[in-house]
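A.B. asks: Take a look at target.cif, mmCIF, C-alpha atoms:
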```
data_data
loop_
_atom_site.label_atom_id
_atom_site.label_comp_id
_atom_site.auth_asym_id
_atom_site.auth_seq_id
_atom_site.Cartn_x
_atom_site.Cartn_y
_atom_site.Cartn_z
CA MET A 116 8.86 -11.26 2.69
CA GLU A 117 6.47 -9.77 5.18
CA SER A 118 7.35 -7.28 7.91
CA MET A 119 5.97 -7.47 11.45
CA ILE A 120 4.21 -4.36 12.71
CA SER A 121 2.04 -3.41 15.69
CA LEU A 122 -1.54 -2.17 15.72
CA ASP A 123 -0.24 1.35 16.41
CA ASN A 124 2.12 1.06 13.41
CA LEU A 125 -0.82 0.02 11.24
CA LYS A 126 -2.94 2.98 12.27
CA GLU A 127 -0.09 5.45 11.82
CA GLY A 128 0.71 4.07 8.38
CA LEU A 129 -2.88 4.18 7.18
CA LEU A 130 -3.24 7.79 8.28
CA MET A 131 -0.39 8.66 5.92
CA ILE A 132 -2.15 7.24 2.84
CA LYS A 133 -3.30 9.94 0.42
CA GLY A 134 -5.79 9.21 -2.33
CA ALA A 135 -7.35 5.95 -3.46
CA SER A 136 -4.99 2.99 -3.01
CA PRO A 137 -5.32 -0.75 -3.72
CA VAL A 138 -5.07 -3.05 -0.73
CA SER A 139 -5.12 -6.76 0.09
CA ILE A 140 -6.25 -7.85 3.55
CA VAL A 141 -6.48 -11.01 5.61
CA SER A 142 -8.81 -10.42 8.55
CA ILE A 143 -9.71 -12.49 11.60
CA THR A 144 -13.11 -11.95 13.19
CA ASP A 145 -15.30 -13.63 15.77
CA PRO A 146 -18.15 -15.15 13.70
CA LEU A 147 -20.58 -14.35 16.52
CA ASP A 148 -20.12 -10.68 15.60
CA SER A 149 -21.45 -11.36 12.09
CA GLY A 150 -24.44 -13.41 13.15
CA LEU A 151 -23.25 -16.99 13.62
CA ARG A 152 -26.15 -18.88 15.16
CA ARG A 153 -25.53 -20.22 18.66
CA THR A 154 -28.27 -22.78 19.28
CA ASN A 155 -26.82 -26.30 19.41
CA ASN A 156 -23.57 -25.00 17.93
CA PRO A 157 -20.73 -27.23 19.20
CA TYR A 158 -18.21 -24.41 18.74
CA VAL A 159 -20.07 -21.99 21.04
CA SER A 160 -20.20 -22.16 24.82
CA GLY A 161 -22.23 -19.99 27.15
CA ARG A 162 -25.39 -18.02 26.49
CA GLY A 163 -26.38 -14.51 25.49
CA LYS A 164 -23.70 -11.91 26.03
CA GLU A 165 -21.60 -14.52 27.81
CA ALA A 166 -21.42 -16.75 24.71
CA VAL A 167 -17.89 -17.55 23.50
CA CYS A 168 -16.97 -19.02 20.13
CA ARG A 169 -13.73 -20.91 19.66
CA LEU A 170 -13.80 -20.32 15.89
CA ARG A 171 -12.43 -17.36 14.01
CA LYS A 172 -13.49 -16.41 10.51
CA ILE A 173 -10.60 -15.69 8.14
CA ASN A 174 -11.52 -13.43 5.22
CA LYS A 175 -9.21 -12.69 2.30
CA ILE A 176 -10.08 -9.68 0.15
CA THR A 177 -8.73 -7.15 -2.32
CA GLY A 178 -10.13 -3.66 -2.58
CA MET A 179 -9.59 0.08 -2.56
CA ILE A 180 -9.20 2.38 0.41
CA ASN A 181 -9.90 6.11 0.33
CA SER A 182 -12.45 5.27 -2.36
CA HIS A 183 -15.89 6.89 -2.12
CA TYR A 184 -18.66 4.32 -1.72
CA ASP A 185 -21.57 6.56 -2.74
CA SER A 186 -19.75 7.74 -5.86
CA ALA A 187 -18.99 4.16 -6.87
CA VAL A 188 -22.67 3.18 -6.52
CA VAL A 189 -23.80 6.24 -8.51
CA ARG A 190 -21.38 5.50 -11.37
CA ARG A 191 -22.59 1.90 -11.64
CA LEU A 192 -26.23 3.00 -11.50
CA GLU A 193 -25.68 5.53 -14.26
CA ARG A 194 -24.17 2.84 -16.48
CA ALA A 195 -26.92 0.34 -15.60
CA ILE A 196 -29.74 2.82 -16.23
CA ASN A 197 -28.49 3.83 -19.66
CA HIS A 198 -27.71 0.22 -20.57
CA GLU A 199 -31.35 -0.61 -19.78
CA ARG A 200 -32.52 2.29 -21.92
CA GLU A 201 -30.28 1.30 -24.80
CA THR A 202 -31.63 -2.27 -24.63
CA ASN A 203 -35.16 -0.83 -24.88
CA ASN A 204 -34.23 1.51 -27.75
CA LEU A 205 -34.59 4.60 -25.59
CA PRO A 206 -32.28 7.62 -25.60
CA PRO A 207 -29.77 7.89 -22.72
CA LEU A 208 -30.52 10.03 -19.72
CA GLU A 209 -28.20 12.90 -18.85
CA GLY A 210 -27.85 15.68 -16.31
CA ASP A 211 -30.76 16.27 -13.94
CA SER A 212 -32.90 13.52 -15.48
CA LEU A 213 -30.19 10.93 -14.86
CA GLU A 214 -29.60 12.22 -11.33
CA ILE A 215 -33.32 11.97 -10.50
CA GLU A 216 -33.46 8.37 -11.76
CA VAL A 217 -30.33 7.44 -9.78
CA ASN A 218 -31.77 8.94 -6.60
CA SER A 219 -35.04 7.07 -7.08
CA ARG A 220 -33.13 3.77 -7.00
CA PHE A 221 -30.30 4.38 -4.54
CA ARG A 222 -31.75 4.43 -1.01
CA ARG A 223 -28.99 6.01 1.03
CA GLY A 224 -29.21 5.02 4.68
CA GLU A 225 -27.79 6.46 7.88
CA SER A 226 -24.37 5.00 8.55
CA TRP A 227 -23.15 3.96 12.01
CA HIS A 228 -19.67 5.30 11.25
CA GLU A 229 -18.16 8.48 9.88
CA PRO A 230 -14.87 9.16 8.07
CA LEU A 231 -11.96 10.38 10.17
CA ILE A 232 -10.88 13.73 8.73
CA ILE A 233 -7.66 15.38 9.87
CA GLY A 234 -7.58 19.05 8.96
CA ASP A 235 -9.03 19.05 5.45
CA THR A 236 -7.68 15.61 4.59
CA LEU A 237 -9.90 12.56 4.24
CA THR A 238 -8.24 9.48 5.76
CA PRO A 239 -9.13 5.84 4.99
CA LEU A 240 -10.26 5.39 8.60
CA SER A 241 -13.68 5.78 10.20
CA VAL A 242 -14.87 6.00 13.78
CA ASN A 243 -18.12 4.92 15.41
CA LYS A 244 -20.50 7.89 15.55
CA LYS A 245 -21.73 6.95 19.00
CA ASP A 246 -18.43 6.95 20.83
CA GLY A 247 -15.78 8.09 18.33
CA GLY A 248 -13.55 5.39 19.78
CA LEU A 249 -12.33 2.36 17.85
CA ALA A 250 -10.87 2.99 14.41
CA TYR A 251 -12.11 1.10 11.35
CA LEU A 252 -10.65 0.81 7.86
CA ARG A 253 -13.12 1.52 5.03
CA VAL A 254 -12.69 -0.75 2.01
CA VAL A 255 -14.61 -0.94 -1.27
CA LEU A 256 -14.20 -4.59 -2.22
CA ARG A 257 -12.79 -5.64 -5.59
CA GLY A 258 -12.44 -9.36 -4.92
CA SER A 259 -12.69 -11.99 -2.21
CA SER A 260 -12.06 -15.67 -1.68
CA LYS A 261 -14.05 -18.24 0.23
CA PRO A 262 -13.85 -17.56 3.99
CA GLU A 263 -12.17 -20.10 6.24
CA TYR A 264 -13.02 -20.97 9.81
CA LEU A 265 -10.19 -21.68 12.22
CA ASP A 266 -10.42 -23.45 15.55
CA ILE A 267 -8.18 -21.23 17.66
CA GLU A 268 -7.69 -23.92 20.29
CA ASN A 269 -5.91 -26.36 17.99
CA GLY A 270 -5.21 -24.40 14.79
CA GLU A 271 -7.36 -26.75 12.67
CA VAL A 272 -9.49 -25.50 9.76
CA VAL A 273 -13.23 -26.19 10.02
CA GLU A 274 -14.95 -26.44 6.64
CA ALA A 275 -17.71 -23.90 6.04
CA GLU A 276 -19.97 -26.68 4.74
CA SER A 277 -20.02 -28.27 8.18
CA LEU A 278 -21.19 -24.96 9.66
CA ALA A 279 -23.94 -24.31 7.10
CA GLN A 280 -26.83 -24.61 9.56
CA TRP A 281 -25.35 -21.91 11.80
CA LEU A 282 -24.10 -19.44 9.18
CA PRO A 283 -26.12 -16.23 8.60
CA GLU A 284 -27.48 -15.21 5.21
CA PRO A 285 -25.05 -12.98 3.27
CA SER A 286 -25.75 -9.26 2.88
CA GLN A 287 -27.81 -8.41 -0.22
CA TYR A 288 -27.08 -4.66 -0.66
CA LEU A 289 -30.68 -4.19 -1.80
CA ASN A 290 -30.59 -0.43 -1.14
CA GLN A 291 -28.31 0.22 -4.13
CA GLY A 292 -30.90 -0.55 -6.79
CA LEU A 293 -28.32 -2.56 -8.74
CA PRO A 294 -28.45 -6.13 -10.06
CA GLU A 295 -26.89 -8.60 -7.63
CA ASP A 296 -23.87 -9.16 -9.86
CA SER A 297 -23.15 -5.41 -10.03
CA VAL A 298 -23.50 -4.22 -6.44
CA VAL A 299 -20.70 -2.26 -4.79
CA ARG A 300 -19.54 -4.28 -1.79
CA PHE A 301 -18.25 -2.21 1.09
CA VAL A 302 -16.89 -3.20 4.48
CA CYS A 303 -15.42 -1.53 7.55
CA TYR A 304 -12.68 -3.56 9.22
CA LYS A 305 -11.92 -3.00 12.87
CA LEU A 306 -8.16 -2.41 12.86
CA SER A 307 -7.72 -5.02 15.58
CA SER A 308 -9.19 -7.64 13.18
CA ILE A 309 -6.56 -7.13 10.47
CA ALA A 310 -4.02 -9.95 10.64
CA SER A 311 -2.14 -9.05 7.47
CA ILE A 312 -2.23 -6.27 4.91
CA LYS A 313 -0.48 -5.53 1.62
CA ILE A 314 -0.37 -1.92 0.53
CA ILE A 315 1.89 0.03 -1.81
CA GLY A 316 3.61 -3.25 -2.62
CA GLN A 317 4.55 -4.03 0.97
CA HIS A 318 3.23 -7.00 2.97
CA TYR A 319 2.79 -6.55 6.70
CA VAL A 320 1.70 -8.90 9.49
CA VAL A 321 0.09 -7.15 12.46
CA GLY A 322 1.74 -9.21 15.18
CA SER A 323 -0.13 -7.65 18.08
CA ASN A 324 -3.45 -8.76 16.52
CA LEU A 325 -2.34 -12.41 16.70
CA GLU A 326 -1.47 -12.38 20.37
CA GLY A 327 -3.60 -14.71 22.43
CA TYR A 328 -3.95 -17.34 19.72
CA SER A 329 -2.28 -20.72 20.01
CA ALA A 330 1.05 -21.25 18.23
CA ASN A 331 -0.66 -23.56 15.72
CA ALA A 332 -3.36 -20.98 15.01
CA GLN A 333 -0.78 -18.23 14.51
CA ARG A 334 1.19 -20.41 12.08
CA LYS A 335 -1.96 -21.17 10.08
CA ILE A 336 -2.98 -17.51 9.89
CA LYS A 337 0.50 -16.43 8.75
CA GLN A 338 0.65 -19.23 6.19
CA THR A 339 -2.77 -18.27 4.82
CA ALA A 340 -1.71 -14.62 4.56
CA ARG A 341 1.58 -15.51 2.88
CA GLU A 342 -0.12 -17.67 0.26
CA PHE A 343 -2.81 -15.08 -0.38
CA MET A 344 -0.46 -12.13 -0.68
CA SER A 345 1.84 -14.05 -3.03
CA GLY A 346 -1.05 -14.89 -5.32
CA GLU A 347 -1.19 -18.59 -4.51
CA ARG A 348 -4.77 -18.19 -3.34
CA ALA A 349 -6.98 -16.66 -6.01
CA VAL A 350 -9.83 -14.25 -5.38
CA VAL A 351 -13.13 -13.94 -7.20
CA THR A 352 -13.53 -10.50 -8.74
CA LEU A 353 -16.67 -8.76 -7.51
#
```
Please rewrite the model in this file as structure tokens.

C.D. replies:
Amino acid sequence: MESMISLDNLKEGLLMIKGASPVSIVSITDPLDSGLRRTNNPYVSGRGKEAVCRLRKINKITGMINSHYDSAVVRRLERAINHERETNNLPPLEGDSLEIEVNSRFRRGESWHEPLIIGDTLTPLSVNKKDGGLAYLRVVLRGSSKPEYLDIENGEVVEAESLAQWLPEPSQYLNQGLPEDSVVRFVCYKLSSIASIKIIGQHYVVGSNLEGYSANAQRKIKQTAREFMSGERAVVTL
């Protein structure tokens, strides 16, 4: 059975997590924030910055928090490089030679966020470099299931297929230098977008993040989270 918590409870609890920990998350986001196209979209009203979407995207993922993204990419690149060499009957690379090859493939960019460090302790949270304001949860993805789109006015699910012409292209992670089926998928969740989370065996619903939605929409979100956290909704391992 899940426990109801507030956004403040969520942040306080996450700041207490030490070391890498598995997590399951159901998030709710405005699809406009991730590039949903607006032109002739029946679910969007208004224009430009005044545009409002009555859909919410529900993502269901499993992953690791307090896990180092760069290190994960490097480990996979090292394995991929030496697998390629083995296939071509070449000796494995080690030490500086391997590091040089990894760095030639992994194009590290400048991130918009930075980890929140308290004292000498790395937390699973990040803040925006520009304003240091809103807190985000860093997650290295292990698995995900097909996103759902919810009409928050009536609580009805809208099939992704019917939105195909307005959906953006998925991220490709081309900077990692890894094959598409081996990339390390990483995401930062705004804490206010987390509807439900399971960590250290406990399932929580962030009640304050559901406020403002219709009763039908809240019921659907909670039902989706309950089914996902109980294993009734499978994820695809990434």

A.B. asks: Since I can't run it myself right now, could you work out what the PyMOL selection byres ((chain A and resi 326-341) around 10) selects here and report it as a PyMOL selection string?

C.D. replies: chain A and resi 116-117+139-143+171+173-175+263+265-272+310-313+318-325+342-348

A.B. asks: For the structure provided, state which residues fall under the PyMOL selection byres ((chain A and resi 157) around 12), and present them as an mmCIF file with C-alpha atoms, keeping the file's coordinate frame.

C.D. replies:
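That gives us out-v2.cif:
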```cif
data_model
loop_
_atom_site.group_PDB
_atom_site.id
_atom_site.type_symbol
_atom_site.label_atom_id
_atom_site.label_comp_id
_atom_site.auth_asym_id
_atom_site.auth_seq_id
_atom_site.Cartn_x
_atom_site.Cartn_y
_atom_site.Cartn_z
ATOM 1 C CA LEU A 151 -23.250 -16.990 13.620
ATOM 2 C CA ARG A 152 -26.150 -18.880 15.160
ATOM 3 C CA ARG A 153 -25.530 -20.220 18.660
ATOM 4 C CA THR A 154 -28.270 -22.780 19.280
ATOM 5 C CA ASN A 155 -26.820 -26.300 19.410
ATOM 6 C CA ASN A 156 -23.570 -25.000 17.930
ATOM 7 C CA TYR A 158 -18.210 -24.410 18.740
ATOM 8 C CA VAL A 159 -20.070 -21.990 21.040
ATOM 9 C CA SER A 160 -20.200 -22.160 24.820
ATOM 10 C CA GLY A 161 -22.230 -19.990 27.150
ATOM 11 C CA ALA A 166 -21.420 -16.750 24.710
ATOM 12 C CA VAL A 167 -17.890 -17.550 23.500
ATOM 13 C CA CYS A 168 -16.970 -19.020 20.130
ATOM 14 C CA ARG A 169 -13.730 -20.910 19.660
ATOM 15 C CA LEU A 170 -13.800 -20.320 15.890
ATOM 16 C CA ASP A 266 -10.420 -23.450 15.550
ATOM 17 C CA VAL A 273 -13.230 -26.190 10.020
ATOM 18 C CA SER A 277 -20.020 -28.270 8.180
ATOM 19 C CA LEU A 278 -21.190 -24.960 9.660
ATOM 20 C CA GLN A 280 -26.830 -24.610 9.560
ATOM 21 C CA TRP A 281 -25.350 -21.910 11.800
#
```

A.B. asks: Ranking A:Leu213, A:Leu256, A:Val302, A:Leu147 by minimum distance to Gly178 in chain A and counting only C-alpha atoms, which one comes first?

C.D. replies: A:Leu256

A.B. asks: One number please: CA of Gly150 in chain A to CA of Tyr251 in chain A, in Å, one decimal.

C.D. replies: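 Straight-line distance from CA of Gly150 in chain A to CA of Tyr251 in chain A works out to 19.1 Å.
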
A.B. asks: Please define a box with edges along x, y and z of the file around all atoms of range 190-205 of chain A given in the file, extend it by 5 Å on each side, and return its centre and edge lengths in Å to one decimal, as lines of an AutoDock Vina configuration file.

C.D. replies:
```
center_x = -28.3
center_y = 1.6
center_z = -19.6
size_x = 23.8
size_y = 17.8
size_z = 26.4
```

A.B. asks: Find the residue from A:Ser118, A:Ser241, A:Ser182, A:Thr177 that sits nearest to Ala135 in chain A; use all atoms listed in the file when measuring.

C.D. replies: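 Nearest candidate to Ala135 in chain A out of A:Ser118, A:Ser241, A:Ser182, A:Thr177: A:Ser182.
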
A.B. asks: On this structure, which residues satisfy the PyMOL selection byres ((chain A and resi 254) around 10), written as a short mmCIF file (atom, residue, chain, number, x, y, z; two decimals) with C-alpha atoms, in the frame of the given file?

C.D. replies:
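Written file, out_2.cif:
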```
data_model
loop_
_atom_site.label_atom_id
_atom_site.label_comp_id
_atom_site.auth_asym_id
_atom_site.auth_seq_id
_atom_site.Cartn_x
_atom_site.Cartn_y
_atom_site.Cartn_z
CA SER A 136 -4.99 2.99 -3.01
CA PRO A 137 -5.32 -0.75 -3.72
CA VAL A 138 -5.07 -3.05 -0.73
CA SER A 139 -5.12 -6.76 0.09
CA ILE A 140 -6.25 -7.85 3.55
CA ILE A 176 -10.08 -9.68 0.15
CA THR A 177 -8.73 -7.15 -2.32
CA GLY A 178 -10.13 -3.66 -2.58
CA MET A 179 -9.59 0.08 -2.56
CA ILE A 180 -9.20 2.38 0.41
CA ASN A 181 -9.90 6.11 0.33
CA SER A 182 -12.45 5.27 -2.36
CA HIS A 183 -15.89 6.89 -2.12
CA TYR A 184 -18.66 4.32 -1.72
CA PRO A 239 -9.13 5.84 4.99
CA LEU A 240 -10.26 5.39 8.60
CA TYR A 251 -12.11 1.10 11.35
CA LEU A 252 -10.65 0.81 7.86
CA ARG A 253 -13.12 1.52 5.03
CA VAL A 255 -14.61 -0.94 -1.27
CA LEU A 256 -14.20 -4.59 -2.22
CA ARG A 257 -12.79 -5.64 -5.59
CA ARG A 300 -19.54 -4.28 -1.79
CA PHE A 301 -18.25 -2.21 1.09
CA VAL A 302 -16.89 -3.20 4.48
CA CYS A 303 -15.42 -1.53 7.55
CA TYR A 304 -12.68 -3.56 9.22
#
```

A.B. asks: Counting only C-alpha atoms, which residue out of A:Arg223, A:Lys244, A:Arg162, A:Lys133 sits closest to Val189 in chain A?

C.D. replies: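 Closest to Val189 in chain A, using only C-alpha atoms: A:Arg223.
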
A.B. asks: CA of Met119 in chain A and CA of Tyr264 in chain A, how far apart in Å?

C.D. replies: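 Rounded to one decimal, the two atoms are 23.4 Å apart.
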
A.B. asks: Point out the residue among A:Ala250, A:Val298, A:Ala195, A:Leu293 with the least atom-to-atom distance to Leu129 in chain A, counting all atoms listed in the file.

C.D. replies: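 Closest candidate: A:Ala250.
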
A.B. asks: Enter the distance from CA of Glu229 in chain A to CA of Asp185 in chain A, in Å, rounded to one decimal.

C.D. replies: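 These two atoms are separated by 13.2 Å.
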
A.B. asks: Report as a PyMOL selection string all protein, DNA and RNA residues lying within 9 Å of Gly292 in chain A, evaluated on all atoms listed in the file, omitting residues in the same chain fewer than 5 positions from it.

C.D. replies: chain A and resi 192+217+219-222+298

A.B. asks: Please complete range 161-188 of chain A so it has N, CA and C atoms, and hand it over as a PDB file, in the frame of the given file.

C.D. replies:
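Okay, selection_15.pdb is ready:
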```pdb
ATOM      1  N   GLY A 161     -21.616 -21.115  26.470  1.00  0.00           N
ATOM      2  CA  GLY A 161     -22.230 -19.990  27.150  1.00  0.00           C
ATOM      3  C   GLY A 161     -23.460 -19.486  26.423  1.00  0.00           C
ATOM      4  N   ARG A 162     -24.158 -18.552  27.054  1.00  0.00           N
ATOM      5  CA  ARG A 162     -25.390 -18.020  26.490  1.00  0.00           C
ATOM      6  C   ARG A 162     -25.377 -16.507  26.453  1.00  0.00           C
ATOM      7  N   GLY A 163     -26.206 -15.956  25.566  1.00  0.00           N
ATOM      8  CA  GLY A 163     -26.380 -14.510  25.490  1.00  0.00           C
ATOM      9  C   GLY A 163     -25.064 -13.772  25.328  1.00  0.00           C
ATOM     10  N   LYS A 164     -24.907 -12.726  26.113  1.00  0.00           N
ATOM     11  CA  LYS A 164     -23.700 -11.910  26.030  1.00  0.00           C
ATOM     12  C   LYS A 164     -22.472 -12.646  26.552  1.00  0.00           C
ATOM     13  N   GLU A 165     -22.709 -13.733  27.270  1.00  0.00           N
ATOM     14  CA  GLU A 165     -21.600 -14.520  27.810  1.00  0.00           C
ATOM     15  C   GLU A 165     -21.121 -15.595  26.845  1.00  0.00           C
ATOM     16  N   ALA A 166     -21.775 -15.716  25.686  1.00  0.00           N
ATOM     17  CA  ALA A 166     -21.420 -16.750  24.710  1.00  0.00           C
ATOM     18  C   ALA A 166     -20.002 -16.516  24.183  1.00  0.00           C
ATOM     19  N   VAL A 167     -19.265 -17.605  24.015  1.00  0.00           N
ATOM     20  CA  VAL A 167     -17.890 -17.550  23.500  1.00  0.00           C
ATOM     21  C   VAL A 167     -17.764 -18.575  22.376  1.00  0.00           C
ATOM     22  N   CYS A 168     -17.180 -18.139  21.276  1.00  0.00           N
ATOM     23  CA  CYS A 168     -16.970 -19.020  20.130  1.00  0.00           C
ATOM     24  C   CYS A 168     -15.487 -19.317  19.990  1.00  0.00           C
ATOM     25  N   ARG A 169     -15.144 -20.576  19.788  1.00  0.00           N
ATOM     26  CA  ARG A 169     -13.730 -20.910  19.660  1.00  0.00           C
ATOM     27  C   ARG A 169     -13.263 -20.896  18.199  1.00  0.00           C
ATOM     28  N   LEU A 170     -14.168 -20.475  17.296  1.00  0.00           N
ATOM     29  CA  LEU A 170     -13.800 -20.320  15.890  1.00  0.00           C
ATOM     30  C   LEU A 170     -13.478 -18.865  15.590  1.00  0.00           C
ATOM     31  N   ARG A 171     -12.639 -18.677  14.576  1.00  0.00           N
ATOM     32  CA  ARG A 171     -12.430 -17.360  14.010  1.00  0.00           C
ATOM     33  C   ARG A 171     -12.602 -17.456  12.495  1.00  0.00           C
ATOM     34  N   LYS A 172     -13.256 -16.458  11.955  1.00  0.00           N
ATOM     35  CA  LYS A 172     -13.490 -16.410  10.510  1.00  0.00           C
ATOM     36  C   LYS A 172     -12.337 -15.670   9.850  1.00  0.00           C
ATOM     37  N   ILE A 173     -11.709 -16.301   8.867  1.00  0.00           N
ATOM     38  CA  ILE A 173     -10.600 -15.690   8.140  1.00  0.00           C
ATOM     39  C   ILE A 173     -11.105 -15.272   6.767  1.00  0.00           C
ATOM     40  N   ASN A 174     -11.118 -13.970   6.520  1.00  0.00           N
ATOM     41  CA  ASN A 174     -11.520 -13.430   5.220  1.00  0.00           C
ATOM     42  C   ASN A 174     -10.292 -12.941   4.462  1.00  0.00           C
ATOM     43  N   LYS A 175     -10.308 -13.127   3.158  1.00  0.00           N
ATOM     44  CA  LYS A 175      -9.210 -12.690   2.300  1.00  0.00           C
ATOM     45  C   LYS A 175      -9.808 -11.855   1.178  1.00  0.00           C
ATOM     46  N   ILE A 176      -9.443 -10.578   1.124  1.00  0.00           N
ATOM     47  CA  ILE A 176     -10.080  -9.680   0.150  1.00  0.00           C
ATOM     48  C   ILE A 176      -9.054  -8.775  -0.528  1.00  0.00           C
ATOM     49  N   THR A 177      -9.444  -8.257  -1.690  1.00  0.00           N
ATOM     50  CA  THR A 177      -8.730  -7.150  -2.320  1.00  0.00           C
ATOM     51  C   THR A 177      -9.712  -6.007  -2.474  1.00  0.00           C
ATOM     52  N   GLY A 178      -9.224  -4.787  -2.456  1.00  0.00           N
ATOM     53  CA  GLY A 178     -10.130  -3.660  -2.580  1.00  0.00           C
ATOM     54  C   GLY A 178      -9.393  -2.341  -2.704  1.00  0.00           C
ATOM     55  N   MET A 179     -10.141  -1.273  -2.491  1.00  0.00           N
ATOM     56  CA  MET A 179      -9.590   0.080  -2.560  1.00  0.00           C
ATOM     57  C   MET A 179      -9.923   0.798  -1.263  1.00  0.00           C
ATOM     58  N   ILE A 180      -8.945   1.511  -0.733  1.00  0.00           N
ATOM     59  CA  ILE A 180      -9.200   2.380   0.410  1.00  0.00           C
ATOM     60  C   ILE A 180      -9.144   3.824  -0.059  1.00  0.00           C
ATOM     61  N   ASN A 181      -9.744   4.706   0.716  1.00  0.00           N
ATOM     62  CA  ASN A 181      -9.900   6.110   0.330  1.00  0.00           C
ATOM     63  C   ASN A 181     -10.682   6.226  -0.977  1.00  0.00           C
ATOM     64  N   SER A 182     -11.571   5.259  -1.192  1.00  0.00           N
ATOM     65  CA  SER A 182     -12.450   5.270  -2.360  1.00  0.00           C
ATOM     66  C   SER A 182     -13.855   5.580  -1.868  1.00  0.00           C
ATOM     67  N   HIS A 183     -14.584   6.414  -2.585  1.00  0.00           N
ATOM     68  CA  HIS A 183     -15.890   6.890  -2.120  1.00  0.00           C
ATOM     69  C   HIS A 183     -16.992   5.907  -2.516  1.00  0.00           C
ATOM     70  N   TYR A 184     -17.619   5.325  -1.510  1.00  0.00           N
ATOM     71  CA  TYR A 184     -18.660   4.320  -1.720  1.00  0.00           C
ATOM     72  C   TYR A 184     -19.842   4.882  -2.511  1.00  0.00           C
ATOM     73  N   ASP A 185     -20.402   6.006  -2.061  1.00  0.00           N
ATOM     74  CA  ASP A 185     -21.570   6.560  -2.740  1.00  0.00           C
ATOM     75  C   ASP A 185     -21.279   6.847  -4.206  1.00  0.00           C
ATOM     76  N   SER A 186     -20.110   7.419  -4.482  1.00  0.00           N
ATOM     77  CA  SER A 186     -19.750   7.740  -5.860  1.00  0.00           C
ATOM     78  C   SER A 186     -19.649   6.489  -6.717  1.00  0.00           C
ATOM     79  N   ALA A 187     -19.111   5.416  -6.128  1.00  0.00           N
ATOM     80  CA  ALA A 187     -18.990   4.160  -6.870  1.00  0.00           C
ATOM     81  C   ALA A 187     -20.362   3.598  -7.213  1.00  0.00           C
ATOM     82  N   VAL A 188     -21.318   3.666  -6.258  1.00  0.00           N
ATOM     83  CA  VAL A 188     -22.670   3.180  -6.520  1.00  0.00           C
ATOM     84  C   VAL A 188     -23.328   4.024  -7.609  1.00  0.00           C
TER      85      VAL A 188
END
```
